[in-house]
file final-v7.tsv (TSV, C-alpha atoms)
chain	number	residue	atom	x	y	z
A	1	MET	CA	-93.10	72.99	74.95
A	2	LYS	CA	-95.16	69.98	76.02
A	3	SER	CA	-98.79	69.51	75.08
A	4	ASN	CA	-101.29	68.44	77.73
A	5	LEU	CA	-101.22	64.93	76.30
A	6	ASP	CA	-97.41	64.91	76.43
A	7	ILE	CA	-97.66	65.78	80.13
A	8	VAL	CA	-99.99	62.85	80.83
A	9	LYS	CA	-97.88	60.46	78.76
A	10	GLU	CA	-94.79	61.34	80.78
A	11	CYS	CA	-96.49	59.88	83.85
A	12	ASP	CA	-98.65	57.18	82.27
A	13	ASN	CA	-95.88	55.88	80.01
A	14	PHE	CA	-96.48	52.12	80.04
A	15	PRO	CA	-97.66	51.21	76.52
A	16	TYR	CA	-101.28	50.36	75.83
A	17	TYR	CA	-102.49	47.37	73.87
A	18	ALA	CA	-103.57	48.46	70.40
A	19	PRO	CA	-104.75	45.97	67.76
A	20	GLY	CA	-102.40	46.03	64.81
A	21	ASN	CA	-99.72	47.87	66.79
A	22	SER	CA	-99.21	45.79	69.93
A	23	GLU	CA	-95.55	44.80	69.58
A	24	ASP	CA	-94.16	47.19	72.21
A	25	TYR	CA	-96.91	46.30	74.68
A	26	GLU	CA	-96.55	42.54	74.27
A	27	GLN	CA	-92.75	42.62	74.34
A	28	LEU	CA	-92.66	44.62	77.56
A	29	LEU	CA	-95.39	42.59	79.23
A	30	SER	CA	-93.65	39.30	78.41
A	31	SER	CA	-90.44	40.55	80.04
A	32	LEU	CA	-92.09	41.18	83.42
A	33	TRP	CA	-92.35	38.83	86.38
A	34	LEU	CA	-95.65	38.65	88.26
A	35	PHE	CA	-95.49	38.99	92.06
A	36	PHE	CA	-97.92	36.82	94.06
A	37	LEU	CA	-98.92	36.64	97.72
A	38	PRO	CA	-99.72	33.36	99.52
A	39	ASP	CA	-103.07	31.72	98.78
A	40	ASP	CA	-103.99	34.44	96.29
A	41	PRO	CA	-104.37	33.63	92.58
A	42	MET	CA	-104.18	37.27	91.53
A	43	PRO	CA	-100.81	39.03	91.09
A	44	HIS	CA	-100.00	42.20	93.00
A	45	GLY	CA	-96.92	43.51	91.22
A	46	PHE	CA	-94.78	43.72	88.10
A	47	ILE	CA	-91.09	42.94	88.69
A	48	VAL	CA	-88.69	43.88	85.90
A	49	ASP	CA	-86.33	41.19	84.65
A	50	SER	CA	-83.15	42.81	85.99
A	51	VAL	CA	-84.60	42.97	89.52
A	52	ALA	CA	-85.90	39.39	89.42
A	53	ARG	CA	-82.47	38.10	88.41
A	54	LYS	CA	-80.39	40.21	90.81
A	55	MET	CA	-82.61	40.09	93.89
A	56	PRO	CA	-81.12	37.85	96.64
A	57	TRP	CA	-84.35	35.90	97.10
A	58	THR	CA	-84.63	34.19	100.48
A	59	THR	CA	-86.31	30.86	101.23
A	60	ASP	CA	-89.55	32.76	101.87
A	61	PHE	CA	-89.87	33.23	98.11
A	62	LYS	CA	-90.25	30.89	95.16
A	63	VAL	CA	-89.01	32.02	91.75
A	64	ILE	CA	-90.66	30.33	88.77
A	65	PRO	CA	-89.00	31.23	85.44
A	66	SER	CA	-91.37	29.31	83.15
A	67	PRO	CA	-93.81	28.85	81.55
A	68	ARG	CA	-94.81	32.21	83.00
A	69	LYS	CA	-92.36	34.34	84.97
A	70	GLU	CA	-93.57	34.44	88.56
A	71	VAL	CA	-92.27	35.24	92.04
A	72	HIS	CA	-94.32	33.90	94.96
A	73	LEU	CA	-94.11	34.97	98.58
A	74	LEU	CA	-94.63	31.67	100.41
A	75	ARG	CA	-96.64	30.94	103.52
A	76	SER	CA	-94.87	29.31	106.43
A	77	ASN	CA	-95.99	26.34	108.51
A	78	LYS	CA	-96.79	28.51	111.51
A	79	ASP	CA	-100.39	29.21	112.48
A	80	ASP	CA	-99.67	32.94	112.50
A	81	TRP	CA	-97.86	32.89	109.15
A	82	GLN	CA	-99.74	35.92	107.87
A	83	GLU	CA	-98.26	38.12	110.59
A	84	HIS	CA	-94.75	37.14	109.50
A	85	ARG	CA	-95.08	37.86	105.77
A	86	THR	CA	-94.20	41.52	106.28
A	87	GLN	CA	-91.09	40.38	108.14
A	88	ALA	CA	-90.20	38.07	105.24
A	89	ILE	CA	-90.31	40.98	102.78
A	90	ASP	CA	-88.35	43.13	105.22
A	91	SER	CA	-85.63	40.49	105.55
A	92	LEU	CA	-85.33	40.32	101.78
A	93	LEU	CA	-84.93	44.09	101.67
A	94	ASP	CA	-82.23	43.94	104.37
A	95	GLU	CA	-80.34	41.37	102.31
A	96	ALA	CA	-80.54	43.44	99.13
A	97	ILE	CA	-79.33	46.56	100.93
A	98	ALA	CA	-76.50	44.73	102.70
A	99	LYS	CA	-75.26	43.25	99.42
A	100	LYS	CA	-75.66	46.59	97.58
A	101	VAL	CA	-77.46	44.83	94.77
A	102	PHE	CA	-79.28	47.91	93.46
A	103	SER	CA	-77.69	51.33	93.17
A	104	GLY	CA	-80.95	53.08	93.98
A	105	LEU	CA	-81.75	50.95	97.04
A	106	ASN	CA	-79.29	51.79	99.79
A	107	ARG	CA	-81.48	52.26	102.85
A	108	LYS	CA	-84.97	51.79	104.21
A	109	ARG	CA	-87.34	54.72	104.41
A	110	GLY	CA	-88.81	53.52	107.71
A	111	GLU	CA	-92.35	54.00	106.41
A	112	LEU	CA	-94.50	50.94	105.76
A	113	TRP	CA	-97.03	50.93	102.94
A	114	PRO	CA	-99.78	48.32	102.56
A	115	ILE	CA	-99.80	45.94	99.62
A	116	VAL	CA	-103.02	47.13	98.05
A	117	GLY	CA	-105.65	44.47	97.37
A	118	ALA	CA	-104.03	41.84	99.60
A	119	GLU	CA	-106.39	39.42	101.32
A	120	PHE	CA	-104.55	39.87	104.64
A	121	ASP	CA	-102.51	42.68	106.17
A	122	VAL	CA	-99.06	42.71	104.63
A	123	HIS	CA	-96.78	45.70	104.32
A	124	ILE	CA	-93.59	46.79	102.59
A	125	ASP	CA	-91.06	49.51	103.24
A	126	ARG	CA	-91.71	52.45	100.94
A	127	ALA	CA	-88.17	52.24	99.55
A	128	ALA	CA	-88.82	48.81	98.04
A	129	ILE	CA	-92.27	49.23	96.54
A	130	SER	CA	-91.01	49.89	92.99
A	131	TYR	CA	-88.70	46.88	93.08
A	132	LEU	CA	-91.71	44.58	93.43
A	133	GLY	CA	-93.83	46.78	91.17
A	134	ILE	CA	-96.63	47.14	93.72
A	135	ILE	CA	-99.28	49.86	93.62
A	136	GLY	CA	-98.25	52.98	95.46
A	137	ARG	CA	-100.98	55.20	96.90
A	138	GLY	CA	-100.81	58.88	97.63
A	139	VAL	CA	-103.09	61.78	98.45
A	140	HIS	CA	-102.69	65.15	96.70
A	141	MET	CA	-104.62	68.33	97.43
A	142	THR	CA	-104.93	71.46	95.31
A	143	ALA	CA	-105.51	74.69	97.25
A	144	TYR	CA	-106.88	77.48	95.11
A	145	THR	CA	-108.55	80.85	95.27
A	146	ARG	CA	-110.75	82.69	92.81
A	147	SER	CA	-109.94	86.12	91.41
A	148	PRO	CA	-111.61	88.37	88.82
A	149	THR	CA	-109.17	86.96	86.26
A	150	GLY	CA	-109.72	83.30	87.14
A	151	PHE	CA	-108.30	80.66	89.45
A	152	LYS	CA	-105.04	81.05	91.35
A	153	PHE	CA	-103.20	78.09	92.82
A	154	TRP	CA	-100.88	77.62	95.77
A	155	ILE	CA	-98.00	75.69	94.22
A	156	PRO	CA	-95.02	74.51	96.30
A	157	GLN	CA	-91.54	74.14	94.90
A	158	ARG	CA	-89.74	71.05	96.17
A	159	ASN	CA	-86.53	71.45	98.13
A	160	LEU	CA	-83.55	71.85	95.82
A	161	ASN	CA	-81.69	69.08	97.68
A	162	LYS	CA	-84.42	66.42	97.58
A	163	LYS	CA	-83.35	63.06	96.19
A	164	THR	CA	-86.46	62.82	94.02
A	165	TYR	CA	-87.52	65.58	91.62
A	166	PRO	CA	-85.44	68.31	93.29
A	167	GLY	CA	-86.66	71.86	92.73
A	168	MET	CA	-89.71	70.79	90.74
A	169	LEU	CA	-93.23	72.08	91.32
A	170	ASP	CA	-95.71	69.99	93.32
A	171	ASN	CA	-99.29	70.00	94.58
A	172	THR	CA	-100.22	72.11	97.60
A	173	VAL	CA	-100.23	69.20	100.04
A	174	ALA	CA	-99.09	65.74	99.01
A	175	GLY	CA	-97.82	62.51	100.50
A	176	GLY	CA	-97.90	58.73	100.44
A	177	VAL	CA	-100.66	56.85	102.27
A	178	ALA	CA	-98.88	54.72	104.87
A	179	SER	CA	-100.15	51.56	106.53
A	180	GLY	CA	-102.88	52.32	109.05
A	181	GLU	CA	-103.84	55.60	107.39
A	182	THR	CA	-106.90	56.56	105.41
A	183	PRO	CA	-106.39	58.98	102.54
A	184	PHE	CA	-107.95	61.80	104.55
A	185	SER	CA	-105.93	61.12	107.71
A	186	CYS	CA	-102.80	61.11	105.55
A	187	LEU	CA	-103.85	64.46	104.07
A	188	ILE	CA	-104.30	65.95	107.54
A	189	ARG	CA	-100.87	64.69	108.64
A	190	GLU	CA	-99.17	66.10	105.55
A	191	ALA	CA	-101.04	69.40	105.87
A	192	ALA	CA	-99.70	69.78	109.40
A	193	GLU	CA	-96.15	68.85	108.43
A	194	GLU	CA	-95.82	70.85	105.22
A	195	ALA	CA	-97.87	74.02	105.66
A	196	GLU	CA	-99.47	74.04	109.14
A	197	VAL	CA	-102.98	74.12	107.68
A	198	ALA	CA	-104.33	70.88	109.14
A	199	GLU	CA	-107.47	72.42	110.66
A	200	LEU	CA	-108.22	74.38	107.50
A	201	VAL	CA	-107.92	71.18	105.49
A	202	ARG	CA	-109.99	69.20	107.98
A	203	ALA	CA	-112.82	71.73	107.75
A	204	GLY	CA	-112.83	72.46	104.04
A	205	ALA	CA	-111.06	69.90	101.85
A	206	GLY	CA	-113.30	67.76	99.67
A	207	ALA	CA	-112.58	64.46	97.92
A	208	ALA	CA	-112.59	64.94	94.15
A	209	GLY	CA	-111.80	61.49	92.76
A	210	THR	CA	-108.58	59.73	91.82
A	211	VAL	CA	-105.80	59.89	89.27
A	212	SER	CA	-104.06	56.66	88.27
A	213	TRP	CA	-101.26	55.58	85.96
A	214	LEU	CA	-98.76	52.86	85.11
A	215	ASN	CA	-95.32	54.40	85.03
A	216	ILE	CA	-91.86	53.18	84.05
A	217	SER	CA	-89.48	55.14	86.26
A	218	ASP	CA	-86.61	57.33	85.09
A	219	GLU	CA	-83.59	58.76	86.90
A	220	LYS	CA	-85.60	61.71	88.30
A	221	ALA	CA	-87.55	59.32	90.54
A	222	GLY	CA	-84.44	58.82	92.67
A	223	GLY	CA	-84.08	55.04	92.44
A	224	ASP	CA	-83.09	52.66	89.70
A	225	ALA	CA	-84.51	53.60	86.31
A	226	GLY	CA	-86.85	51.28	84.44
A	227	LEU	CA	-88.90	50.03	87.41
A	228	MET	CA	-92.67	49.53	87.27
A	229	ASN	CA	-94.73	52.03	89.26
A	230	PRO	CA	-98.49	51.54	89.19
A	231	GLY	CA	-99.96	54.44	91.12
A	232	VAL	CA	-103.19	55.83	92.54
A	233	LEU	CA	-103.61	59.33	93.92
A	234	TYR	CA	-106.65	60.32	95.96
A	235	VAL	CA	-107.41	63.87	94.87
A	236	TYR	CA	-108.75	66.62	97.14
A	237	ASP	CA	-109.65	70.27	96.49
A	238	LEU	CA	-109.58	73.15	98.96
A	239	GLU	CA	-110.83	76.63	98.13
A	240	VAL	CA	-109.12	79.20	100.36
A	241	SER	CA	-109.54	82.92	100.99
A	242	ASP	CA	-107.46	85.37	98.99
A	243	ASN	CA	-105.75	86.64	102.14
A	244	LEU	CA	-104.27	83.26	103.05
A	245	VAL	CA	-100.50	83.05	102.66
A	246	LEU	CA	-98.85	79.63	102.72
A	247	LYS	CA	-95.27	79.25	103.91
A	248	PRO	CA	-93.13	76.09	104.15
A	249	VAL	CA	-92.63	74.63	107.60
A	250	ASP	CA	-90.40	71.65	106.81
A	251	ASN	CA	-87.39	70.88	104.67
A	252	ASP	CA	-89.38	69.21	101.90
A	253	ILE	CA	-90.56	72.53	100.44
A	254	HIS	CA	-88.34	75.34	99.18
A	255	ALA	CA	-91.13	77.90	98.72
A	256	PHE	CA	-94.84	78.34	97.98
A	257	HIS	CA	-95.93	80.32	94.91
A	258	LEU	CA	-99.37	81.74	94.14
A	259	LEU	CA	-99.75	81.19	90.40
A	260	SER	CA	-102.48	81.99	87.90
A	261	GLU	CA	-104.06	79.47	85.53
A	262	VAL	CA	-101.84	80.72	82.72
A	263	GLU	CA	-98.68	80.56	84.84
A	264	VAL	CA	-99.48	77.01	85.94
A	265	SER	CA	-100.22	75.92	82.35
A	266	GLU	CA	-96.97	77.43	81.10
A	267	ALA	CA	-94.96	75.81	83.91
A	268	MET	CA	-96.47	72.41	83.05
A	269	ALA	CA	-95.66	72.92	79.37
A	270	ARG	CA	-92.05	73.69	80.29
A	271	GLY	CA	-91.82	70.46	82.30
A	272	GLU	CA	-91.39	72.19	85.67
A	273	PHE	CA	-93.91	70.02	87.55
A	274	LYS	CA	-93.29	66.60	89.00
A	275	PRO	CA	-95.12	64.37	86.46
A	276	ALA	CA	-97.77	62.95	88.80
A	277	CYS	CA	-98.48	66.42	90.19
A	278	ALA	CA	-98.98	67.82	86.70
A	279	CYS	CA	-101.59	65.11	86.15
A	280	VAL	CA	-103.43	66.19	89.30
A	281	ILE	CA	-103.47	69.77	88.01
A	282	LEU	CA	-104.76	68.64	84.61
A	283	ASP	CA	-107.48	66.65	86.37
A	284	PHE	CA	-108.47	69.83	88.24
A	285	PHE	CA	-108.52	71.73	84.94
A	286	VAL	CA	-110.83	69.11	83.42
A	287	ARG	CA	-113.19	69.04	86.40
A	288	HIS	CA	-113.46	72.84	86.49
A	289	SER	CA	-113.80	73.21	82.70
A	290	LEU	CA	-110.47	74.99	82.29
A	291	ILE	CA	-109.83	72.32	79.67
A	292	SER	CA	-112.77	71.34	77.49
A	293	PRO	CA	-113.41	69.22	74.39
A	294	ASP	CA	-113.97	72.47	72.50
A	295	THR	CA	-110.45	73.73	73.18
A	296	GLU	CA	-108.38	70.55	73.57
A	297	LYS	CA	-108.09	68.19	70.59
A	298	ASP	CA	-106.73	65.35	72.77
A	299	TYR	CA	-109.44	65.74	75.43
A	300	VAL	CA	-110.74	62.16	75.29
A	301	GLU	CA	-107.32	60.53	75.53
A	302	ILE	CA	-106.20	62.92	78.28
A	303	VAL	CA	-109.25	62.20	80.44
A	304	SER	CA	-108.96	58.46	79.83
A	305	ARG	CA	-105.26	58.30	80.67
A	306	LEU	CA	-105.67	60.34	83.84
A	307	HIS	CA	-107.73	57.40	85.14
A	308	ARG	CA	-105.92	54.32	83.88
A	309	LYS	CA	-107.41	50.98	84.90
A	310	LEU	CA	-104.59	49.21	86.70
A	311	PRO	CA	-103.82	45.50	86.24
A	312	PHE	CA	-103.97	44.82	89.99
A	313	ASP	CA	-106.66	44.96	92.68
A	314	THR	CA	-107.03	48.52	94.02
A	315	SER	CA	-109.40	47.78	96.92
A	316	HIS	CA	-108.30	48.46	100.47
call {"tool": "encode", "arguments": {"input": "final-v7.tsv", "output": "structure tokens"}}
result
Amino acid sequence: MKSNLDIVKECDNFPYYAPGNSEDYEQLLSSLWLFFLPDDPMPHGFIVDSVARKMPWTTDFKVIPSPRKEVHLLRSNKDDWQEHRTQAIDSLLDEAIAKKVFSGLNRKRGELWPIVGAEFDVHIDRAAISYLGIIGRGVHMTAYTRSPTGFKFWIPQRNLNKKTYPGMLDNTVAGGVASGETPFSCLIREAAEEAEVAELVRAGAGAAGTVSWLNISDEKAGGDAGLMNPGVLYVYDLEVSDNLVLKPVDNDIHAFHLLSEVEVSEAMARGEFKPACACVILDFFVRHSLISPDTEKDYVEIVSRLHRKLPFDTSH
């Protein structure tokens, strides 16, 4: 059975710098390539060595192997060069897919995500975000009700045939924030698609902070293992009446379950939740004092690692 700290570490699994014990951190960091945008001195992604060496880089990119490993997206000579940088990334993705360079990258998702912190609008297909190690943003909502015995949570089980984390438990409403969306507009869209509760969410959901991590992917994520995944989730809560019954309305969800605090805790300990979703639940537990420093010996590290400071700009 996993401890609460084990659960957080499964998601936030990039090593931390620790004086006197920094070998793993420094070795991994030195192996990564930094991804840069035009006219911007700050990096926006971590590219793993295998991707940097296999990627069929086009003339829109400059690869610098030393003294520091860097990949730069270049500006063009056109006045409207900024508008064409998304196209440059898209053409690179087309080339990688056509040449079947990466086993986990065989098609586009058709959903553009913004490159967070960029000084101009530039976007990337969701399928490729991990290959450039760019921050992915999502919005996750926890719907709950109160009973005489404590909180109960509406927990969806992912479709058994999903490519990523099939059959695992999730948060009530969850999805990636696409280009042109705000976190709340994304939440409304997902609420309509997944459970037909858009108006309920619009009227009652409240922002409750963020959860962030730096993750090294494994095979459950559905793509190539070992990729860098810095992530931010905008967290929302929604208290619902005890007579509400949620049912799936699309193919992403197998079923909804109404689970008690104890049942949710036990499911997390058994590893039944998607890792990021378990972190959102733990964050809820902390905020509502279901986990406290009096009962959890790893409280400080858990709270700290639920809100990791990322190495890239998170403004939008």
call {"tool": "atom_distance", "arguments": {"input": "final-v7.tsv", "atom1": "atom CA of A:Gly180", "atom2": "atom CA of A:Ile115"}}
result
11.8 Å
call {"tool": "atom_distance", "arguments": {"input": "final-v7.tsv", "atom1": "atom CA of A:Met42", "atom2": "atom CA of A:Phe312"}}
result
7.7 Å
call {"tool": "closest_residue", "arguments": {"input": "final-v7.tsv", "among": "A:Ala203, A:Leu105, A:Ile155, A:Val139", "to": "A:Ala255", "atoms": "all atoms listed in the file"}}
result
A:Ile155
call {"tool": "residues_around", "arguments": {"input": "final-v7.tsv", "residues": "A:Arg68", "least_positions_apart": "5", "cutoff": "12 Å", "atoms": "all atoms listed in the file", "output": "mmCIF file with C-alpha atoms, in the frame of the given file"}}
result
data_model
loop_
_atom_site.group_PDB
_atom_site.id
_atom_site.type_symbol
_atom_site.label_atom_id
_atom_site.label_comp_id
_atom_site.auth_asym_id
_atom_site.auth_seq_id
_atom_site.Cartn_x
_atom_site.Cartn_y
_atom_site.Cartn_z
ATOM 1 C CA LEU A 29 -95.390 42.590 79.230
ATOM 2 C CA SER A 30 -93.650 39.300 78.410
ATOM 3 C CA SER A 31 -90.440 40.550 80.040
ATOM 4 C CA LEU A 32 -92.090 41.180 83.420
ATOM 5 C CA TRP A 33 -92.350 38.830 86.380
ATOM 6 C CA LEU A 34 -95.650 38.650 88.260
ATOM 7 C CA PHE A 35 -95.490 38.990 92.060
ATOM 8 C CA VAL A 63 -89.010 32.020 91.750
#
call {"tool": "closest_residue", "arguments": {"input": "final-v7.tsv", "among": "A:Leu169, A:Ile281, A:Leu233, A:Leu93", "to": "A:Thr142", "atoms": "only C-alpha atoms"}}
result
A:Ile281
call {"tool": "residues_around", "arguments": {"input": "final-v7.tsv", "residues": "A:Glu70", "least_positions_apart": "2", "cutoff": "12 Å", "atoms": "all atoms listed in the file", "output": "ChimeraX atom specification"}}
result
/A:30-37,41-49,52-53,61-68,72-73,132
call {"tool": "closest_residue", "arguments": {"input": "final-v7.tsv", "among": "A:Lys162, A:Arg137, A:Arg146, A:Pro311", "to": "A:Gly222", "atoms": "only C-alpha atoms"}}
result
A:Lys162
call {"tool": "residues_around", "arguments": {"input": "final-v7.tsv", "residues": "A:Cys279", "least_positions_apart": "4", "cutoff": "7 Å", "atoms": "all atoms listed in the file", "output": "PDB file with C-alpha atoms, in the frame of the given file"}}
result
ATOM      1  CA  VAL A   8     -99.990  62.850  80.830  1.00  0.00           C
ATOM      2  CA  PRO A 275     -95.120  64.370  86.460  1.00  0.00           C
ATOM      3  CA  ASP A 283    -107.480  66.650  86.370  1.00  0.00           C
ATOM      4  CA  LEU A 306    -105.670  60.340  83.840  1.00  0.00           C
TER       5      LEU A 306
END
call {"tool": "atom_distance", "arguments": {"input": "final-v7.tsv", "atom1": "atom CA of A:Arg158", "atom2": "atom CA of A:Glu196"}}
result
16.5 Å
